[in-house]
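A quick write-up on the structure given underneath.
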Amino acid sequence: SPPLVIAHGGFSGLFPDSSEDAYILAAGVSVPNVALWCDVQLTKDKVGICFPSVDLDNATYISDIIRNKSTSYLVNGVSTRGYFSVDYNFQDISGISCPLSHWLLVHFEVISFHGF
């Protein structure tokens, strides 16, 4: 049987973690039926986005676009202030630019657990 290959964050050695380019390259150069895995963050309207951090400000320009709207949540027991996807609808944040193009809308066809 073919080896199990899991691409966490796509081909993130060449492209930013969880970027669309990283997933396209990982799928294109891998074995058939590769499992593409990402860190999924849910938006307020329950749309899943692949994003490597719970704080959107870690890899986007959200704080420059939506000023003074950060919130605080307990993250692993620590009060953390930032911009969290659960506070925004997908349409409200989908146009916010990322320095390295991190957005990828999650579709069930993209993430395949192959029996897991």
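So you can find residues: chains in the structure tokens are A, B, ... in the order shown, residues in each start at 1, and ligands are numbered from 1 in order.
Residue neighbourhood of A:Ser18, excluding near-sequence residues (fewer than 2 positions): Gly9, Gly10, Pro16, Glu20, Ala22, Tyr23, Cys38, Cys50, Phe51, Pro52 and His102 of chain A, at 7 Å, using only C-alpha atoms.
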Would you mind exporting C-alpha atoms of the selected residues as an mmCIF file, in the first residue's frame?
data_model
loop_
_atom_site.group_PDB
_atom_site.id
_atom_site.type_symbol
_atom_site.label_atom_id
_atom_site.label_comp_id
_atom_site.auth_asym_id
_atom_site.auth_seq_id
_atom_site.Cartn_x
_atom_site.Cartn_y
_atom_site.Cartn_z
ATOM 1 C CA GLY A 9 0.095 23.538 6.403
ATOM 2 C CA GLY A 10 0.803 22.450 2.841
ATOM 3 C CA PRO A 16 3.819 30.450 4.148
ATOM 4 C CA GLU A 20 -3.159 28.627 -0.783
ATOM 5 C CA ALA A 22 1.475 25.854 -0.031
ATOM 6 C CA TYR A 23 -1.567 23.585 -0.448
ATOM 7 C CA CYS A 38 -4.463 22.635 8.428
ATOM 8 C CA CYS A 50 -6.991 27.598 7.404
ATOM 9 C CA PHE A 51 -4.968 29.904 9.576
ATOM 10 C CA PRO A 52 -1.945 28.949 11.686
ATOM 11 C CA HIS A 102 -2.585 32.976 4.461
#
Go through A:Arg81, A:Tyr61, A:His8, A:Gly95 and flag the residue nearest A:Val34, using only C-alpha atoms for the distances.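 The answer is A:His8, which sits nearest to A:Val34.
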Apply DSSP to the backbone of this structure and, from stretch 34-101 of chain A, keep only the residues in strand (DSSP E); write these as a ChimeraX atom specification. /A:35-37,40-42,48-50,71-75,78-82
Can you pull out every residue within 10 Å of A:Thr43, counting only C-alpha atoms, but drop anything in the same chain fewer than 4 positions away, and send it as JSON, numbers by chain? {"A": [47, 48, 49, 84, 85, 86, 87, 88, 89, 90, 91, 92, 93]}
Residue subset to file, keeping N, CA and C atoms, as a compact mmCIF listing (two decimals), in the first residue's frame:
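Saved file result.txt follows:
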# COMPACT_ATOMS: atom_id res chain seq x y z
N VAL A 47 -17.75 29.60 9.16
CA VAL A 47 -16.95 29.24 7.99
C VAL A 47 -15.56 28.89 8.50
N GLY A 48 -15.03 27.77 8.04
CA GLY A 48 -13.69 27.37 8.45
C GLY A 48 -12.64 28.00 7.55
N ILE A 49 -11.60 28.55 8.16
CA ILE A 49 -10.47 29.07 7.39
C ILE A 49 -9.21 28.39 7.91
N PHE A 84 -9.72 37.78 16.78
CA PHE A 84 -10.05 36.37 16.67
C PHE A 84 -11.13 36.15 15.61
N SER A 85 -10.97 35.10 14.84
CA SER A 85 -11.90 34.83 13.74
C SER A 85 -13.34 34.67 14.21
N VAL A 86 -13.55 34.19 15.43
CA VAL A 86 -14.91 33.97 15.94
C VAL A 86 -15.67 35.28 16.15
N ASP A 87 -14.97 36.40 16.10
CA ASP A 87 -15.62 37.70 16.27
C ASP A 87 -16.08 38.32 14.96
N TYR A 88 -15.76 37.68 13.82
CA TYR A 88 -16.04 38.27 12.51
C TYR A 88 -16.70 37.27 11.58
N ASN A 89 -17.60 37.75 10.72
CA ASN A 89 -18.13 36.94 9.64
C ASN A 89 -17.06 36.80 8.57
N PHE A 90 -17.12 35.69 7.83
CA PHE A 90 -16.11 35.44 6.80
C PHE A 90 -16.04 36.59 5.80
N GLN A 91 -17.18 37.08 5.36
CA GLN A 91 -17.20 38.16 4.37
C GLN A 91 -16.51 39.42 4.90
N ASP A 92 -16.63 39.66 6.20
CA ASP A 92 -16.03 40.87 6.79
C ASP A 92 -14.50 40.81 6.81
N ILE A 93 -13.92 39.63 6.89
CA ILE A 93 -12.46 39.54 6.99
C ILE A 93 -11.80 38.93 5.77
Tell me which of A:Leu56, A:Asp39, A:Ala26, A:Thr71 sits closest to A:Leu14, counting only C-alpha atoms.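 Checking each of A:Leu56, A:Asp39, A:Ala26, A:Thr71 against A:Leu14, counting only C-alpha atoms, the winner is A:Ala26.
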Kindly indicate which residue among A:Val29, A:Ile24, A:Ser70, A:Val75 lies nearest to A:Ser53, using only C-alpha atoms for the distances. A:Val75
Long-range neighbours of A:Ala27 as a ChimeraX atom specification, 10 Å cut-off, only C-alpha atoms, 5 positions minimum in chain: /A:7,10-11,21-22,32-36,110
Suppose we keep N, CA and C atoms; can you now write the selection as a CSV table (one decimal), in the first residue's frame?
chain,number,residue,atom,x,y,z
A,7,ALA,N,0.3,16.5,4.8
A,7,ALA,CA,0.9,17.8,4.6
A,7,ALA,C,0.3,18.8,5.5
A,10,GLY,N,0.4,22.5,4.2
A,10,GLY,CA,0.8,22.4,2.8
A,10,GLY,C,2.3,22.3,2.7
A,11,PHE,N,2.9,22.8,1.6
A,11,PHE,CA,4.3,22.7,1.4
A,11,PHE,C,4.9,24.0,2.0
A,21,ASP,N,-1.0,28.8,-1.9
A,21,ASP,CA,0.1,28.3,-2.7
A,21,ASP,C,0.8,27.0,-2.0
A,22,ALA,N,0.9,27.0,-0.7
A,22,ALA,CA,1.5,25.9,0.0
A,22,ALA,C,0.6,24.6,-0.2
A,32,PRO,N,-0.8,10.3,-4.8
A,32,PRO,CA,-2.3,10.3,-4.9
A,32,PRO,C,-2.9,10.2,-3.5
A,33,ASN,N,-4.0,10.8,-3.3
A,33,ASN,CA,-4.8,10.7,-2.1
A,33,ASN,C,-4.0,11.2,-0.8
A,34,VAL,N,-3.2,12.2,-1.0
A,34,VAL,CA,-2.5,12.8,0.1
A,34,VAL,C,-3.5,13.5,1.0
A,35,ALA,N,-3.3,13.5,2.3
A,35,ALA,CA,-4.2,14.2,3.2
A,35,ALA,C,-3.6,15.5,3.5
A,36,LEU,N,-4.3,16.6,3.2
A,36,LEU,CA,-3.9,17.9,3.5
A,36,LEU,C,-4.5,18.4,4.8
A,110,VAL,N,-11.1,19.3,0.3
A,110,VAL,CA,-9.6,19.6,0.4
A,110,VAL,C,-9.0,18.8,1.6
Nearest to A:Arg67: which of A:Val40, A:Gly28, A:Tyr83, A:Asp55 is it, counting only C-alpha atoms?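 The answer is A:Tyr83, which sits nearest to A:Arg67.
Separating atom CA of A:Gly82 from atom CA of A:Ile62 is a distance of 9.9 Å.
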Would you compute the distance between atom CA of A:Ile96 and atom CA of A:Ile66? Give it in Å to one decimal. 9.3 Å
Record the distance separating atom CA of A:Ser94 and atom CA of A:Phe15, expressed in Å with one decimal.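 Separation of atom CA of A:Ser94 and atom CA of A:Phe15: 19.7 Å.
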